[in-house]
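Colleague: Okay, so here is model_3.cif, and as you'll see once you scroll down, it has mmCIF, C-alpha atoms.
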```cif
data_start
loop_
_atom_site.label_atom_id
_atom_site.label_comp_id
_atom_site.auth_asym_id
_atom_site.auth_seq_id
_atom_site.Cartn_x
_atom_site.Cartn_y
_atom_site.Cartn_z
CA GLU A 136 -8.54 -10.31 16.01
CA LYS A 137 -5.53 -8.06 15.96
CA GLY A 138 -5.34 -4.86 17.99
CA CYS A 139 -5.34 -1.38 16.57
CA GLY A 140 -1.62 -1.01 17.33
CA THR A 141 -0.86 -4.06 15.21
CA LYS A 142 -3.18 -2.80 12.51
CA GLN A 143 -1.40 0.58 12.59
CA THR A 144 1.97 -1.12 12.07
CA GLU A 145 0.58 -3.27 9.26
CA TRP A 146 -1.05 -0.22 7.66
CA GLU A 147 2.23 1.69 7.73
CA GLU A 148 4.03 -1.27 6.13
CA ARG A 149 1.34 -1.65 3.45
CA SER A 150 1.42 2.09 2.77
CA LYS A 151 5.19 2.02 2.36
CA LEU A 152 5.05 -1.00 0.03
CA ARG A 153 2.17 0.51 -1.93
CA ALA A 154 4.15 3.74 -2.40
CA GLU A 155 7.14 1.73 -3.65
CA GLU A 156 4.92 -0.23 -6.04
CA ILE A 157 3.30 2.93 -7.37
CA MET A 158 6.73 4.50 -7.83
CA THR A 159 7.94 1.42 -9.71
CA ILE A 160 4.85 1.39 -11.91
CA GLY A 161 5.36 5.10 -12.54
CA GLU A 162 8.93 4.42 -13.65
CA ALA A 163 7.70 1.70 -16.00
CA ILE A 164 5.09 4.06 -17.44
CA GLN A 165 7.73 6.75 -17.80
CA VAL A 166 9.90 4.33 -19.80
CA LEU A 167 6.91 3.42 -21.96
CA ASN A 168 6.03 7.10 -22.47
CA ASP A 169 9.60 8.09 -23.30
CA ASP A 170 10.34 9.67 -26.68
CA ASP A 171 12.23 6.52 -27.68
CA ALA A 172 9.13 4.46 -26.98
CA LEU A 173 7.02 6.93 -28.98
CA ASP A 174 9.45 6.60 -31.88
CA LEU A 175 9.21 2.83 -31.55
CA PHE A 176 5.41 2.94 -31.64
CA LYS A 177 5.53 5.13 -34.73
CA LYS A 178 7.95 2.68 -36.34
CA THR A 179 5.65 -0.30 -35.79
CA LEU A 180 4.04 0.56 -39.10
CA PRO A 181 5.72 -1.09 -42.08
CA SER A 182 9.23 0.19 -42.23
CA PRO A 183 12.30 -0.62 -44.36
CA SER A 184 14.54 -0.79 -41.26
CA LEU A 185 13.09 -3.86 -39.59
CA MET A 186 16.39 -4.68 -37.87
CA GLU A 187 16.50 -1.25 -36.22
CA LEU A 188 12.89 -1.74 -35.04
CA ARG A 189 13.75 -4.99 -33.26
CA VAL A 190 16.67 -3.43 -31.47
CA SER A 191 14.57 -0.45 -30.34
CA SER A 192 11.72 -2.70 -29.18
CA LYS A 193 14.17 -4.83 -27.26
CA ASP A 194 15.69 -1.75 -25.64
CA VAL A 195 12.30 -0.42 -24.57
CA ARG A 196 11.31 -3.80 -23.12
CA HIS A 197 14.65 -4.03 -21.35
CA HIS A 198 14.24 -0.59 -19.74
CA ALA A 199 10.68 -1.39 -18.65
CA LEU A 200 11.83 -4.70 -17.14
CA GLU A 201 14.63 -2.95 -15.26
CA ALA A 202 12.15 -0.48 -13.79
CA LEU A 203 9.80 -3.28 -12.72
CA GLN A 204 12.61 -5.36 -11.23
CA GLY A 205 13.88 -2.34 -9.31
CA GLY A 206 10.66 -2.34 -7.27
CA LYS A 207 10.67 -6.11 -7.01
CA ARG A 208 13.71 -6.09 -4.69
CA SER A 209 11.93 -4.22 -1.90
CA ARG A 210 8.48 -5.77 -2.43
CA LYS A 211 6.99 -8.19 0.12
CA HIS A 212 3.31 -7.53 -0.63
CA HIS A 213 0.78 -9.55 -2.62
CA HIS A 214 0.95 -7.05 -5.50
CA GLY A 215 4.31 -8.57 -6.36
CA SER A 216 2.50 -11.17 -8.43
CA HIS A 217 0.88 -8.41 -10.50
CA LEU A 218 4.22 -6.77 -11.20
CA SER A 219 5.76 -10.17 -11.94
CA PHE A 220 2.96 -10.84 -14.41
CA ILE A 221 3.64 -7.52 -16.16
CA ALA A 222 7.35 -8.36 -16.29
CA LEU A 223 6.51 -11.80 -17.70
CA ALA A 224 4.38 -10.17 -20.38
CA LEU A 225 7.25 -7.87 -21.29
CA ARG A 226 9.64 -10.83 -21.55
CA GLY A 227 7.16 -12.87 -23.59
CA LYS A 228 7.09 -10.31 -26.40
CA SER A 229 3.63 -11.49 -27.47
CA VAL A 230 1.75 -8.84 -25.47
CA GLY A 231 1.69 -5.35 -26.92
CA PHE A 232 2.52 -2.29 -24.88
CA GLU A 233 -1.13 -1.21 -24.91
CA LYS A 234 -2.02 -4.41 -23.02
CA ILE A 235 0.82 -3.83 -20.58
CA THR A 236 -0.31 -0.24 -20.06
CA ALA A 237 -3.86 -1.51 -19.45
CA MET A 238 -2.50 -4.00 -16.91
CA ILE A 239 -0.61 -1.21 -15.13
CA ASP A 240 -3.73 0.99 -15.14
CA GLU A 241 -5.75 -1.88 -13.65
CA MET A 242 -3.14 -2.39 -10.95
CA LEU A 243 -3.15 1.33 -10.10
CA LYS A 244 -6.94 1.18 -9.82
CA LEU A 245 -6.66 -1.82 -7.47
CA LEU A 246 -4.03 -0.04 -5.38
CA GLY A 247 -6.30 2.99 -5.12
CA GLU A 248 -9.23 0.85 -3.94
CA GLU A 249 -7.06 -0.89 -1.36
CA GLN A 250 -5.72 2.46 -0.16
CA THR A 251 -9.31 3.64 0.37
CA GLN A 252 -10.08 0.48 2.34
CA ASP A 253 -6.94 0.95 4.43
CA ASP A 254 -7.86 4.58 5.12
CA ASP A 255 -11.36 3.52 6.21
CA LYS A 256 -9.91 0.84 8.50
CA LYS A 257 -7.44 3.33 9.98
CA SER A 258 -10.26 5.77 10.65
CA TYR A 259 -12.28 3.03 12.34
CA CYS A 260 -9.31 2.00 14.50
CA GLU A 261 -8.68 5.61 15.52
CA GLN A 262 -12.34 6.03 16.51
CA GLU A 263 -12.27 2.80 18.50
CA LEU A 264 -9.02 3.83 20.17
CA ASP A 265 -10.51 7.20 21.16
CA LYS A 266 -13.63 5.48 22.51
CA THR A 267 -11.52 3.01 24.50
CA GLU A 268 -9.40 5.83 25.95
CA ASP A 269 -12.58 7.68 27.02
CA ASP A 270 -13.94 4.50 28.63
CA LEU A 271 -10.63 3.99 30.44
CA LYS A 272 -10.72 7.55 31.81
CA ASN A 273 -14.30 7.03 33.03
CA LEU A 274 -13.38 3.76 34.72
CA ASP A 275 -10.32 5.34 36.35
CA ARG A 276 -12.53 8.15 37.66
CA LYS A 277 -15.06 5.63 39.06
CA VAL A 278 -12.29 3.63 40.75
CA SER A 279 -10.94 6.84 42.29
CA ASP A 280 -14.44 7.80 43.56
CA ILE A 281 -14.95 4.34 45.05
CA ARG A 282 -11.57 4.48 46.81
CA LYS A 283 -12.43 7.88 48.27
CA ALA A 284 -15.79 6.58 49.49
CA LEU A 285 -14.09 3.53 50.99
CA ASP A 286 -11.52 5.71 52.78
CA GLU A 287 -14.31 7.92 54.14
CA ALA A 288 -16.24 4.85 55.30
CA ARG A 289 -13.13 3.54 57.10
CA ASP A 290 -12.57 6.90 58.74
CA THR A 291 -16.20 6.99 59.89
CA LEU A 292 -15.94 3.40 61.18
CA ASP A 293 -12.73 4.24 63.06
CA ALA A 294 -14.39 7.33 64.59
CA VAL A 295 -17.45 5.34 65.71
CA THR A 296 -15.41 2.51 67.24
CA GLU A 297 -13.21 4.86 69.31
#
```
What is this structure when it is put down as C-alpha cells?
Modeller:
Amino acid sequence: EKGCGTKQTEWEERSKLRAEEIMTIGEAIQVLNDDDALDLFKKTLPSPSLMELRVSSKDVRHHALEALQGGKRSRKHHHGSHLSFIALALRGKSVGFEKITAMIDEMLKLLGEEQTQDDDKKSYCEQELDKTEDDLKNLDRKVSDIRKALDEARDTLDAVTE
C-alpha cells in the first residue's frame, strides 16, 4: 500500500486535474448557455430559414467541441473518456444538446462524489500521520529514558568497581 506522502501527491494531482475538467465542462456549458445557443434552440421549431439553422447549429457544436478539446490537452485522468464521449456525441450530431447537458451534469455529479472520497481519504491520511508522529515522539522519549538509565547504571557499575 502506498504511503500518505504518495497519496498526498496523487491527491494534489487529481485535484488539479479535476479542477481543469470542471473548468472545461463549465466552458462547454457556457457555450451551450450562450445567447447564440438560446437563439438556436428557439429556431429548432419549424423555420423558413433552414440553411441558417444548420450553420448556427454547426457553430454551436464547433464552439462546444473547442471548449472540450481545450481541457483534453492537459488531461491525464480517467475522466478523459467521459469528456471524449461528450465530444463524440457533439460530432455525431444525432444527440441533442439536452442529452449532452445531462451527460455533463452526470459527470459533474461523479466528480463531486470522487472529490468527497478524496477529501475523506486525505482526512484519514492526516489522522494516521498525526498518530504516527505521536507514536514516534513517544518512542523517542522511551529510547532517551533507556539511554539515561543505561548511563546511570554504567556510572554506578564504574563507582562500585573502583
Colleague: What does the structure give for the distance between CA of Lys266 in chain A and CA of Gly138 in chain A, in Å to one decimal?
Modeller: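 Result for CA of Lys266 in chain A versus CA of Gly138 in chain A: 14.0 Å, one decimal.
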Colleague: Which one of A:Glu249, A:Glu156, A:Glu261, A:Asp275 sits closest to Gly140 in chain A if you count all atoms listed in the file?
Modeller: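 Looking only at the distances to Gly140 in chain A, the closest residue turns out to be A:Glu261.
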Colleague: Quick one: residues within 10 Å of Leu243 in chain A, only C-alpha atoms, excluding same-chain residues fewer than 2 positions away - as a list in words?
Modeller: Arg153, Glu156, Ile157, Ile160, Gly161, Ala237, Met238, Ile239, Asp240, Glu241, Leu245, Leu246, Gly247, Glu248 and Glu249 of chain A
Colleague: To one decimal place, how far is CA of Glu233 in chain A from CA of Asn168 in chain A in Å?
Modeller: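 Separating CA of Glu233 in chain A from CA of Asn168 in chain A is a distance of 11.2 Å.
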Colleague: Would you compute the distance between CA of Ile164 in chain A and CA of Ile235 in chain A? Give it in Å to one decimal.
Modeller: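 Between CA of Ile164 in chain A and CA of Ile235 in chain A the gap works out to 9.5 Å.
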